[in-house]
file coords.csv (CSV, C-alpha atoms)
chain,number,residue,atom,x,y,z
Q,1,MET,CA,-67.7,-100.8,-28.6
Q,2,LYS,CA,-64.3,-102.0,-29.7
Q,3,ALA,CA,-61.5,-99.6,-29.1
Q,4,PRO,CA,-59.7,-98.3,-32.3
Q,5,ASN,CA,-56.4,-99.8,-33.2
Q,6,ILE,CA,-54.2,-96.7,-32.8
Q,7,THR,CA,-51.0,-98.4,-33.9
Q,8,SER,CA,-52.6,-99.7,-37.1
Q,9,HIS,CA,-54.1,-96.3,-37.9
Q,10,LYS,CA,-50.7,-94.6,-37.4
Q,11,GLN,CA,-49.0,-97.2,-39.7
Q,12,GLU,CA,-51.7,-96.7,-42.3
Q,13,MET,CA,-51.1,-92.9,-42.2
Q,14,ALA,CA,-47.3,-93.3,-42.4
Q,15,THR,CA,-47.6,-95.6,-45.3
Q,16,SER,CA,-50.0,-93.3,-47.1
Q,17,SER,CA,-47.6,-90.3,-46.6
Q,18,THR,CA,-44.7,-92.3,-48.1
Q,19,ARG,CA,-46.8,-93.5,-51.0
Q,20,TYR,CA,-47.7,-90.0,-52.1
Q,21,GLY,CA,-44.4,-88.2,-51.3
Q,22,PRO,CA,-41.6,-87.8,-48.8
Q,23,PRO,CA,-42.4,-89.6,-45.6
Q,24,LEU,CA,-43.9,-87.6,-42.8
Q,25,VAL,CA,-41.6,-86.9,-39.8
Q,26,SER,CA,-43.1,-86.2,-36.4
Q,27,VAL,CA,-41.0,-84.0,-34.1
Q,28,VAL,CA,-41.9,-84.5,-30.4
Q,29,ILE,CA,-40.8,-81.9,-27.9
Q,30,VAL,CA,-41.5,-81.8,-24.1
Q,31,ASN,CA,-41.6,-78.5,-22.4
Q,32,TRP,CA,-42.0,-76.9,-19.0
Q,33,ASN,CA,-41.6,-73.2,-18.3
Q,34,ARG,CA,-38.8,-72.6,-20.9
Q,35,LYS,CA,-40.6,-70.3,-23.3
Q,36,ASP,CA,-37.6,-68.7,-24.9
Q,37,ASP,CA,-35.7,-71.9,-25.3
Q,38,LEU,CA,-38.7,-73.6,-26.8
Q,39,LYS,CA,-39.1,-70.7,-29.3
Q,40,GLU,CA,-35.6,-71.2,-30.6
Q,41,CYS,CA,-36.0,-74.9,-30.7
Q,42,LEU,CA,-39.2,-74.6,-32.7
Q,43,GLU,CA,-37.6,-72.1,-35.1
Q,44,SER,CA,-34.8,-74.6,-35.8
Q,45,VAL,CA,-37.3,-77.3,-36.7
Q,46,LYS,CA,-39.3,-74.9,-38.9
Q,47,ALA,CA,-36.0,-74.0,-40.7
Q,48,GLN,CA,-35.3,-77.6,-41.7
Q,49,THR,CA,-34.6,-78.2,-45.4
Q,50,TYR,CA,-36.9,-81.2,-45.1
Q,51,LYS,CA,-40.5,-79.8,-45.0
Q,52,ASN,CA,-42.9,-82.7,-44.5
Q,53,ILE,CA,-42.9,-82.3,-40.7
Q,54,GLU,CA,-45.5,-82.3,-38.0
Q,55,ILE,CA,-44.5,-80.8,-34.7
Q,56,ILE,CA,-45.9,-82.0,-31.4
Q,57,VAL,CA,-45.3,-80.1,-28.1
Q,58,VAL,CA,-46.3,-81.7,-24.9
Q,59,ASP,CA,-46.4,-79.0,-22.3
Q,60,ASN,CA,-46.3,-79.9,-18.6
Q,61,HIS,CA,-48.7,-77.1,-17.6
Q,62,SER,CA,-46.3,-74.1,-18.0
Q,63,THR,CA,-47.0,-70.8,-16.3
Q,64,ASP,CA,-44.4,-68.6,-18.0
Q,65,GLY,CA,-46.4,-67.8,-21.2
Q,66,THR,CA,-45.2,-70.8,-23.2
Q,67,ILE,CA,-48.7,-72.0,-24.0
Q,68,GLU,CA,-49.8,-68.6,-25.2
Q,69,LEU,CA,-46.6,-68.1,-27.3
Q,70,THR,CA,-47.0,-71.5,-29.0
Q,71,ARG,CA,-50.7,-70.9,-29.8
Q,72,GLU,CA,-50.0,-67.4,-31.2
Q,73,ASP,CA,-46.8,-67.8,-33.0
Q,74,PHE,CA,-46.7,-71.5,-34.1
Q,75,HIS,CA,-50.2,-72.2,-35.3
Q,76,ASP,CA,-49.3,-75.5,-37.0
Q,77,VAL,CA,-47.8,-77.0,-33.8
Q,78,LYS,CA,-49.9,-79.7,-32.2
Q,79,LEU,CA,-49.9,-78.5,-28.6
Q,80,ILE,CA,-50.9,-81.0,-25.8
Q,81,VAL,CA,-51.2,-79.3,-22.4
Q,82,MET,CA,-51.0,-81.6,-19.4
Q,83,PRO,CA,-53.6,-80.9,-16.6
Q,84,ASP,CA,-50.8,-80.1,-14.0
Q,85,SER,CA,-47.0,-80.1,-13.8
Q,86,SER,CA,-46.6,-83.4,-11.9
Q,87,TYR,CA,-45.9,-85.6,-15.0
Q,88,GLY,CA,-42.4,-86.9,-15.6
Q,89,ALA,CA,-40.5,-86.4,-18.8
Q,90,CYS,CA,-40.8,-90.1,-19.7
Q,91,GLU,CA,-44.6,-90.0,-19.5
Q,92,THR,CA,-45.0,-86.7,-21.4
Q,93,PHE,CA,-42.6,-87.9,-24.2
Q,94,ASN,CA,-44.7,-91.1,-24.4
Q,95,ILE,CA,-47.8,-89.0,-24.9
Q,96,GLY,CA,-46.1,-87.2,-27.7
Q,97,PHE,CA,-45.0,-90.5,-29.3
Q,98,ALA,CA,-48.6,-91.8,-29.1
Q,99,ASN,CA,-49.8,-88.8,-31.1
Q,100,ALA,CA,-47.0,-89.0,-33.7
Q,101,THR,CA,-48.4,-90.0,-37.1
Q,102,GLY,CA,-45.2,-89.8,-39.2
Q,103,LYS,CA,-43.1,-92.7,-40.4
Q,104,TYR,CA,-40.3,-91.4,-38.3
Q,105,THR,CA,-40.2,-89.6,-34.9
Q,106,VAL,CA,-37.7,-87.1,-33.8
Q,107,VAL,CA,-37.3,-86.8,-30.0
Q,108,MET,CA,-36.0,-83.4,-28.9
Q,109,ASP,CA,-35.3,-81.4,-25.7
Q,110,ASN,CA,-36.7,-77.9,-25.7
Q,111,ASP,CA,-33.2,-76.4,-25.3
Q,112,ALA,CA,-31.8,-78.2,-28.4
Q,113,MET,CA,-31.5,-76.9,-31.9
Q,114,LEU,CA,-30.9,-78.8,-35.2
Q,115,GLU,CA,-28.7,-77.9,-38.1
Q,116,ARG,CA,-30.8,-77.1,-41.1
Q,117,THR,CA,-30.1,-80.4,-42.9
Q,118,TRP,CA,-30.4,-82.6,-39.8
Q,119,ILE,CA,-33.7,-84.4,-40.8
Q,120,ASP,CA,-32.7,-84.6,-44.5
Q,121,LYS,CA,-29.5,-86.4,-43.6
Q,122,ASN,CA,-31.2,-88.9,-41.3
Q,123,ILE,CA,-34.0,-89.6,-43.7
Q,124,LYS,CA,-31.4,-90.8,-46.2
Q,125,GLU,CA,-29.8,-93.1,-43.6
Q,126,PHE,CA,-33.2,-94.7,-42.7
Q,127,GLU,CA,-34.3,-95.1,-46.3
Q,128,THR,CA,-31.2,-97.1,-47.2
Q,129,ASP,CA,-30.9,-99.2,-44.1
Q,130,THR,CA,-34.0,-101.2,-43.1
Q,131,VAL,CA,-32.6,-102.6,-39.8
Q,132,LEU,CA,-32.0,-99.1,-38.4
Q,133,GLY,CA,-34.3,-98.4,-35.5
Q,134,CYS,CA,-32.7,-95.2,-34.3
Q,135,ILE,CA,-30.1,-92.7,-35.4
Q,136,ALA,CA,-28.1,-90.9,-32.7
Q,137,GLY,CA,-26.5,-87.8,-34.0
Q,138,ARG,CA,-23.6,-85.6,-32.9
Q,139,VAL,CA,-24.4,-83.2,-30.2
Q,140,LEU,CA,-22.4,-80.0,-29.5
Q,141,SER,CA,-22.6,-77.5,-26.7
Q,142,PHE,CA,-24.6,-74.5,-27.8
Q,143,TYR,CA,-22.2,-72.3,-25.8
Q,144,THR,CA,-18.8,-73.7,-26.7
Q,145,ASN,CA,-19.4,-75.5,-30.0
Q,146,LYS,CA,-17.5,-78.5,-28.5
Q,147,ASP,CA,-18.7,-82.1,-28.7
Q,148,TRP,CA,-20.9,-82.9,-25.7
Q,149,GLY,CA,-23.5,-85.6,-26.4
Q,150,PHE,CA,-21.7,-88.9,-26.6
Q,151,ARG,CA,-18.8,-87.7,-24.5
Q,152,VAL,CA,-21.2,-87.9,-21.6
Q,153,TYR,CA,-21.2,-91.6,-22.3
Q,154,GLY,CA,-17.4,-91.8,-22.6
Q,155,LEU,CA,-16.9,-91.3,-26.3
Q,156,THR,CA,-13.2,-90.4,-27.1
Q,157,ASP,CA,-11.6,-88.4,-29.9
Q,158,ASP,CA,-10.9,-91.7,-31.7
Q,159,TRP,CA,-14.6,-92.3,-32.1
Q,160,VAL,CA,-16.3,-88.9,-32.3
Q,161,ASN,CA,-16.0,-88.7,-36.1
Q,162,LYS,CA,-16.8,-92.3,-36.9
Q,163,GLU,CA,-20.1,-94.1,-37.6
Q,164,PHE,CA,-20.7,-97.0,-35.2
Q,165,TYR,CA,-23.6,-99.1,-33.8
Q,166,THR,CA,-24.4,-98.5,-30.1
Q,167,THR,CA,-27.0,-99.2,-27.5
Q,168,VAL,CA,-28.0,-95.7,-26.5
Q,169,PHE,CA,-28.8,-92.3,-28.0
Q,170,VAL,CA,-28.6,-88.8,-26.6
Q,171,GLY,CA,-32.2,-87.8,-25.8
Q,172,CYS,CA,-32.0,-84.2,-26.7
Q,173,SER,CA,-32.0,-85.0,-30.4
Q,174,ALA,CA,-32.5,-88.5,-32.0
Q,175,MET,CA,-34.6,-89.9,-34.8
Q,176,MET,CA,-36.5,-93.2,-34.7
Q,177,ARG,CA,-38.9,-95.3,-36.7
Q,178,THR,CA,-42.3,-94.7,-35.3
Q,179,ASP,CA,-43.5,-98.2,-35.7
Q,180,ILE,CA,-40.6,-99.4,-33.5
Q,181,LEU,CA,-41.5,-96.9,-30.8
Q,182,ASP,CA,-45.0,-98.3,-30.9
Q,183,GLU,CA,-43.7,-101.9,-30.8
Q,184,VAL,CA,-41.4,-101.4,-27.8
Q,185,GLY,CA,-43.5,-99.0,-25.8
Q,186,GLY,CA,-41.4,-95.8,-25.6
Q,187,TYR,CA,-39.7,-94.8,-22.4
Q,188,PRO,CA,-40.3,-96.7,-19.2
Q,189,LYS,CA,-42.8,-94.4,-17.3
Q,190,GLU,CA,-41.5,-95.5,-13.9
Q,191,TYR,CA,-38.1,-93.8,-14.7
Q,192,PHE,CA,-39.7,-90.4,-14.6
Q,193,LEU,CA,-36.5,-88.8,-16.0
Q,194,TYR,CA,-32.8,-89.7,-16.5
Q,195,HIS,CA,-31.3,-92.8,-18.1
Q,196,ASN,CA,-34.6,-93.4,-20.0
Q,197,GLU,CA,-32.6,-93.3,-23.2
Q,198,PHE,CA,-30.5,-96.3,-22.0
Q,199,ALA,CA,-33.7,-98.3,-21.3
Q,200,LEU,CA,-35.4,-97.4,-24.6
Q,201,GLY,CA,-32.2,-98.1,-26.5
Q,202,ALA,CA,-31.9,-101.6,-25.0
Q,203,LYS,CA,-35.5,-102.3,-26.0
Q,204,ILE,CA,-34.8,-101.3,-29.6
Q,205,ILE,CA,-31.8,-103.5,-29.7
Q,206,ASN,CA,-33.7,-106.5,-28.2
Q,207,ALA,CA,-36.5,-106.0,-30.7
Q,208,GLY,CA,-34.0,-106.8,-33.5
Q,209,TYR,CA,-33.1,-103.3,-34.7
Q,210,LYS,CA,-29.9,-101.2,-34.6
Q,211,ILE,CA,-29.0,-97.8,-33.2
Q,212,LYS,CA,-26.4,-95.9,-35.3
Q,213,TYR,CA,-24.2,-93.0,-34.2
Q,214,ASN,CA,-24.1,-90.7,-37.2
Q,215,PRO,CA,-21.4,-88.0,-36.8
Q,216,ASN,CA,-22.6,-86.2,-40.0
Q,217,THR,CA,-25.6,-84.7,-38.3
Q,218,LYS,CA,-25.2,-81.9,-35.7
Q,219,ALA,CA,-27.5,-80.6,-33.0
Q,220,TYR,CA,-26.7,-78.0,-30.4
Q,221,HIS,CA,-27.7,-78.3,-26.8
Q,222,LYS,CA,-27.8,-75.6,-24.2
Q,223,VAL,CA,-25.6,-77.5,-21.7
Q,224,SER,CA,-24.8,-75.8,-18.5
Q,225,GLN,CA,-21.2,-74.7,-18.4
Q,226,THR,CA,-20.9,-75.5,-14.7
Q,227,GLN,CA,-21.6,-78.9,-13.3
Q,228,ARG,CA,-24.8,-78.8,-11.3
Q,229,HIS,CA,-26.0,-81.3,-8.7
Q,230,SER,CA,-29.4,-81.5,-7.1
Q,231,LYS,CA,-31.1,-83.9,-4.8
Q,232,LYS,CA,-33.6,-84.7,-7.5
Q,233,GLY,CA,-31.0,-85.3,-10.1
Q,234,ASP,CA,-28.9,-87.5,-7.8
Q,235,TYR,CA,-32.0,-89.5,-6.8
Q,236,TYR,CA,-33.2,-90.4,-10.2
Q,237,GLY,CA,-29.7,-90.7,-11.6
Q,238,ILE,CA,-28.7,-93.3,-9.0
Q,239,ARG,CA,-32.0,-95.3,-8.9
Q,240,ASN,CA,-32.6,-95.5,-12.6
Q,241,TRP,CA,-29.1,-96.5,-13.5
Q,242,TYR,CA,-29.3,-99.5,-11.2
Q,243,TRP,CA,-32.7,-100.4,-12.7
Q,244,PHE,CA,-31.3,-100.2,-16.2
Q,245,VAL,CA,-28.2,-102.3,-15.5
Q,246,TRP,CA,-30.1,-105.0,-13.5
Q,247,GLN,CA,-32.7,-105.4,-16.3
Q,248,PHE,CA,-30.6,-105.2,-19.4
Q,249,TYR,CA,-27.0,-106.2,-18.6
Q,250,PRO,CA,-25.9,-109.9,-18.7
Q,251,LEU,CA,-25.7,-111.1,-15.1
Q,252,ASP,CA,-21.9,-111.0,-14.7
Q,253,LEU,CA,-21.7,-107.5,-16.1
Q,254,ALA,CA,-24.7,-106.4,-14.0
Q,255,VAL,CA,-22.9,-107.5,-10.8
Q,256,LYS,CA,-19.6,-106.0,-11.9
Q,257,HIS,CA,-21.0,-102.6,-12.9
Q,258,THR,CA,-23.2,-102.4,-9.8
Q,259,LEU,CA,-20.1,-102.6,-7.6
Q,260,ILE,CA,-18.1,-100.2,-9.8
Q,261,ARG,CA,-21.0,-97.7,-9.8
Q,262,PHE,CA,-21.4,-97.8,-6.1
Q,263,VAL,CA,-17.8,-96.9,-5.6
Q,264,LYS,CA,-17.9,-94.1,-8.2
Q,265,ILE,CA,-20.9,-92.4,-6.7
Q,266,ALA,CA,-19.9,-92.8,-3.1
Q,267,HIS,CA,-19.2,-89.0,-2.9
Q,268,ILE,CA,-22.9,-88.3,-3.5
Q,269,GLY,CA,-23.5,-90.0,-0.2
Q,270,LEU,CA,-21.4,-87.3,1.5
Q,271,ARG,CA,-23.2,-84.5,-0.3
Q,272,HIS,CA,-26.7,-85.8,0.0
Q,273,PRO,CA,-26.7,-88.8,2.5
Q,274,TYR,CA,-30.5,-89.1,2.7
Q,275,THR,CA,-31.0,-88.9,-1.0
Q,276,PHE,CA,-28.2,-91.4,-1.6
Q,277,LEU,CA,-29.7,-93.9,0.9
Q,278,LYS,CA,-33.3,-93.4,-0.4
Q,279,ALA,CA,-32.2,-94.0,-4.0
Q,280,HIS,CA,-30.5,-97.3,-3.1
Q,281,LEU,CA,-33.4,-98.5,-1.0
Q,282,VAL,CA,-36.0,-97.7,-3.6
Q,283,ALA,CA,-33.8,-99.3,-6.3
Q,284,MET,CA,-33.4,-102.5,-4.2
Q,285,SER,CA,-37.2,-102.7,-3.5
Q,286,LYS,CA,-37.8,-103.2,-7.2
Q,287,LEU,CA,-35.0,-105.8,-7.7
Q,288,PRO,CA,-37.2,-108.9,-7.3
Q,289,GLY,CA,-39.6,-107.8,-10.0
Q,290,ILE,CA,-36.7,-106.7,-12.3
Q,291,LEU,CA,-35.0,-110.1,-11.9
Q,292,VAL,CA,-38.2,-111.9,-13.0
Q,293,ASN,CA,-38.5,-109.7,-16.1
Q,294,ARG,CA,-34.8,-109.4,-17.1
Q,295,THR,CA,-34.2,-108.9,-20.8
Q,296,PRO,CA,-30.4,-108.7,-21.2
Q,297,ILE,CA,-29.1,-106.9,-24.3
Q,298,LYS,CA,-28.5,-109.6,-26.9
Q,299,ASP,CA,-25.4,-108.1,-28.5
Q,300,ARG,CA,-22.9,-108.1,-25.7
Q,301,LYS,CA,-20.3,-106.4,-27.9
Q,302,LEU,CA,-22.3,-103.2,-28.0
Q,303,LEU,CA,-22.0,-102.8,-24.2
Q,304,LYS,CA,-18.3,-101.9,-24.6
Q,305,ARG,CA,-19.3,-98.6,-26.1
call {"tool": "encode", "arguments": {"input": "coords.csv", "output": "structure tokens"}}
result
Amino acid sequence: MKAPNITSHKQEMATSSTRYGPPLVSVVIVNWNRKDDLKECLESVKAQTYKNIEIIVVDNHSTDGTIELTREDFHDVKLIVMPDSSYGACETFNIGFANATGKYTVVMDNDAMLERTWIDKNIKEFETDTVLGCIAGRVLSFYTNKDWGFRVYGLTDDWVNKEFYTTVFVGCSAMMRTDILDEVGGYPKEYFLYHNEFALGAKIINAGYKIKYNPNTKAYHKVSQTQRHSKKGDYYGIRNWYWFVWQFYPLDLAVKHTLIRFVKIAHIGLRHPYTFLKAHLVAMSKLPGILVNRTPIKDRKLLKR
């Protein structure tokens, strides 16, 4: 028996929803043992002025009552429960993407909240610009109300209130065209977590679409007020950043930024020497395969931001 063409079916449903009214928007949220945060997140989505929404929660086998809460209080949420908690954020988000049937897909962290007009504003951007593949909105700290999102990527005061095209989005709240997600394949599963937005952004750019930073949309993220470090975070952060740069940067920039990065993160080697060494060894073990499959970002100018 021939397998069904899921992508074709999704495109047909998205086209149908647009033909008979406002386009359907799929909101994909991944969760693990953050019941109270997820509740607030879902309430912010339900409060949107834009109403043609489907909500998909991929739960990584929570044990804190999240599953029961979602089933009891949010009956219209499409809940997908993983068989155990060993799955990475990249894989669980991809499962959510695969189940999205809207014309557009919103990717959200479970500790993020959207202003009420967030989806409405982004829909208008997409509907007037056919080359847009993703919209990256402004992200503020839930606790301080100060800009956080793109500042993590080095955005300065000169840029925070301006629209511009970029190569990356902040993964706690962004909106994409679903057909492009299907085309480029979502997040790289092997990343597990961290820097997956960089890799997906590069794939969107290389597919011929644009990512726009839109300062007119605001989301609020429950960012820790203290800088926290963990062996797990250091490991994936180091390893994945190298993988991203080696695959998507032009050769000269890849070499340059590898050397700069090594110097910048040398202090991690003092804090977690085993983790630091392991991350570099595992990153290097994949280098031959990455070099064979390199797909440098086509628009070099965008790498300056």
call {"tool": "residues_near_point", "arguments": {"input": "coords.csv", "point": "(-30.3, -79.1, -36.7)", "cutoff": "6 Å", "atoms": "all atoms listed in the file", "output": "list in words"}}
result
Met113, Leu114, Glu115, Arg116, Trp118, Lys218 and Ala219 of chain Q
call {"tool": "closest_residue", "arguments": {"input": "coords.csv", "among": "Q:Cys90, Q:Ile29, Q:Val282, Q:Ile119", "to": "Tyr50 of chain Q", "atoms": "all atoms listed in the file"}}
result
Q:Ile119
call {"tool": "atom_distance", "arguments": {"input": "coords.csv", "atom1": "atom CA of Asp76 of chain Q", "atom2": "atom CA of Val139 of chain Q"}}
result
26.9 Å
call {"tool": "atom_distance", "arguments": {"input": "coords.csv", "atom1": "atom CA of Gly137 of chain Q", "atom2": "atom CA of Asp109 of chain Q"}}
result
13.7 Å
call {"tool": "closest_residue", "arguments": {"input": "coords.csv", "among": "Q:Ile297, Q:Val77, Q:Ile268, Q:Ala174", "to": "Ser230 of chain Q", "atoms": "all atoms listed in the file"}}
result
Q:Ile268
call {"tool": "atom_distance", "arguments": {"input": "coords.csv", "atom1": "atom CA of Trp241 of chain Q", "atom2": "atom CA of Glu197 of chain Q"}}
result
10.8 Å
call {"tool": "residues_around", "arguments": {"input": "coords.csv", "residues": "Asn122 of chain Q", "least_positions_apart": "5", "cutoff": "9 Å", "atoms": "all atoms listed in the file", "output": "mmCIF file with C-alpha atoms, keeping the file's coordinate frame"}}
result
data_model
loop_
_atom_site.group_PDB
_atom_site.id
_atom_site.type_symbol
_atom_site.label_atom_id
_atom_site.label_comp_id
_atom_site.auth_asym_id
_atom_site.auth_seq_id
_atom_site.Cartn_x
_atom_site.Cartn_y
_atom_site.Cartn_z
ATOM 1 C CA THR Q 117 -30.100 -80.400 -42.900
ATOM 2 C CA GLU Q 127 -34.300 -95.100 -46.300
ATOM 3 C CA ILE Q 135 -30.100 -92.700 -35.400
ATOM 4 C CA GLY Q 137 -26.500 -87.800 -34.000
ATOM 5 C CA MET Q 175 -34.600 -89.900 -34.800
ATOM 6 C CA ASN Q 214 -24.100 -90.700 -37.200
ATOM 7 C CA THR Q 217 -25.600 -84.700 -38.300
#
call {"tool": "closest_residue", "arguments": {"input": "coords.csv", "among": "Q:Lys51, Q:Lys210, Q:His75, Q:Lys264", "to": "Val131 of chain Q", "atoms": "all atoms listed in the file"}}
result
Q:Lys210
call {"tool": "closest_residue", "arguments": {"input": "coords.csv", "among": "Q:Thr49, Q:Thr70, Q:Asn31, Q:Asn216", "to": "Thr92 of chain Q", "atoms": "all atoms listed in the file"}}
result
Q:Asn31
call {"tool": "closest_residue", "arguments": {"input": "coords.csv", "among": "Q:Leu291, Q:Ala89, Q:Ile238, Q:Val57", "to": "Thr275 of chain Q", "atoms": "all atoms listed in the file"}}
result
Q:Ile238
call {"tool": "closest_residue", "arguments": {"input": "coords.csv", "among": "Q:Lys298, Q:Lys286, Q:Lys232, Q:His257", "to": "Tyr274 of chain Q", "atoms": "all atoms listed in the file"}}
result
Q:Lys232
call {"tool": "residues_near_point", "arguments": {"input": "coords.csv", "point": "(-36.6, -95.4, -12.3)", "cutoff": "10 Å", "atoms": "only C-alpha atoms", "output": "PDB file with C-alpha atoms, keeping the file's coordinate frame"}}
result
ATOM      1  CA  PRO Q 188     -40.300 -96.700 -19.200  1.00  0.00           C
ATOM      2  CA  LYS Q 189     -42.800 -94.400 -17.300  1.00  0.00           C
ATOM      3  CA  GLU Q 190     -41.500 -95.500 -13.900  1.00  0.00           C
ATOM      4  CA  TYR Q 191     -38.100 -93.800 -14.700  1.00  0.00           C
ATOM      5  CA  PHE Q 192     -39.700 -90.400 -14.600  1.00  0.00           C
ATOM      6  CA  LEU Q 193     -36.500 -88.800 -16.000  1.00  0.00           C
ATOM      7  CA  TYR Q 194     -32.800 -89.700 -16.500  1.00  0.00           C
ATOM      8  CA  HIS Q 195     -31.300 -92.800 -18.100  1.00  0.00           C
ATOM      9  CA  ASN Q 196     -34.600 -93.400 -20.000  1.00  0.00           C
ATOM     10  CA  ALA Q 199     -33.700 -98.300 -21.300  1.00  0.00           C
ATOM     11  CA  TYR Q 235     -32.000 -89.500  -6.800  1.00  0.00           C
ATOM     12  CA  TYR Q 236     -33.200 -90.400 -10.200  1.00  0.00           C
ATOM     13  CA  GLY Q 237     -29.700 -90.700 -11.600  1.00  0.00           C
ATOM     14  CA  ILE Q 238     -28.700 -93.300  -9.000  1.00  0.00           C
ATOM     15  CA  ARG Q 239     -32.000 -95.300  -8.900  1.00  0.00           C
ATOM     16  CA  ASN Q 240     -32.600 -95.500 -12.600  1.00  0.00           C
ATOM     17  CA  TRP Q 241     -29.100 -96.500 -13.500  1.00  0.00           C
ATOM     18  CA  TYR Q 242     -29.300 -99.500 -11.200  1.00  0.00           C
ATOM     19  CA  TRP Q 243     -32.700-100.400 -12.700  1.00  0.00           C
ATOM     20  CA  PHE Q 244     -31.300-100.200 -16.200  1.00  0.00           C
ATOM     21  CA  ALA Q 279     -32.200 -94.000  -4.000  1.00  0.00           C
ATOM     22  CA  VAL Q 282     -36.000 -97.700  -3.600  1.00  0.00           C
ATOM     23  CA  ALA Q 283     -33.800 -99.300  -6.300  1.00  0.00           C
ATOM     24  CA  LYS Q 286     -37.800-103.200  -7.200  1.00  0.00           C
TER      25      LYS Q 286
END
call {"tool": "residues_around", "arguments": {"input": "coords.csv", "residues": "segment 78-82 of chain Q", "least_positions_apart": "3", "cutoff": "8 Å", "atoms": "only C-alpha atoms", "output": "PDB file with C-alpha atoms, in the coordinates of the input"}}
result
ATOM      1  CA  GLU Q  54     -45.500 -82.300 -38.000  1.00  0.00           C
ATOM      2  CA  ILE Q  55     -44.500 -80.800 -34.700  1.00  0.00           C
ATOM      3  CA  ILE Q  56     -45.900 -82.000 -31.400  1.00  0.00           C
ATOM      4  CA  VAL Q  57     -45.300 -80.100 -28.100  1.00  0.00           C
ATOM      5  CA  VAL Q  58     -46.300 -81.700 -24.900  1.00  0.00           C
ATOM      6  CA  ASP Q  59     -46.400 -79.000 -22.300  1.00  0.00           C
ATOM      7  CA  ASN Q  60     -46.300 -79.900 -18.600  1.00  0.00           C
ATOM      8  CA  HIS Q  61     -48.700 -77.100 -17.600  1.00  0.00           C
ATOM      9  CA  ILE Q  67     -48.700 -72.000 -24.000  1.00  0.00           C
ATOM     10  CA  THR Q  70     -47.000 -71.500 -29.000  1.00  0.00           C
ATOM     11  CA  ARG Q  71     -50.700 -70.900 -29.800  1.00  0.00           C
ATOM     12  CA  SER Q  85     -47.000 -80.100 -13.800  1.00  0.00           C
ATOM     13  CA  TYR Q  87     -45.900 -85.600 -15.000  1.00  0.00           C
TER      14      TYR Q  87
END
call {"tool": "decode", "arguments": {"input": "coords.csv", "residues": "segment 127-146 of chain Q", "atoms": "C-alpha atoms", "output": "mmCIF file, in the first residue's frame"}}
result
data_model
loop_
_atom_site.group_PDB
_atom_site.id
_atom_site.type_symbol
_atom_site.label_atom_id
_atom_site.label_comp_id
_atom_site.auth_asym_id
_atom_site.auth_seq_id
_atom_site.Cartn_x
_atom_site.Cartn_y
_atom_site.Cartn_z
ATOM 1 C CA GLU Q 127 -0.121 38.051 3.682
ATOM 2 C CA THR Q 128 1.588 41.058 2.115
ATOM 3 C CA ASP Q 129 5.074 39.579 1.610
ATOM 4 C CA THR Q 130 5.274 36.281 -0.254
ATOM 5 C CA VAL Q 131 9.038 35.817 0.240
ATOM 6 C CA LEU Q 132 8.744 35.757 4.038
ATOM 7 C CA GLY Q 133 9.502 32.351 5.479
ATOM 8 C CA CYS Q 134 9.669 33.324 9.143
ATOM 9 C CA ILE Q 135 8.918 36.297 11.370
ATOM 10 C CA ALA Q 136 11.028 36.773 14.468
ATOM 11 C CA GLY Q 137 9.327 39.045 16.946
ATOM 12 C CA ARG Q 138 10.528 41.141 19.830
ATOM 13 C CA VAL Q 139 11.017 39.177 23.060
ATOM 14 C CA LEU Q 140 11.003 40.801 26.480
ATOM 15 C CA SER Q 141 11.841 39.332 29.860
ATOM 16 C CA PHE Q 142 8.637 38.445 31.702
ATOM 17 C CA TYR Q 143 10.234 39.575 34.967
ATOM 18 C CA THR Q 144 11.871 42.852 33.975
ATOM 19 C CA ASN Q 145 9.969 43.856 30.814
ATOM 20 C CA LYS Q 146 13.346 44.579 29.205
#
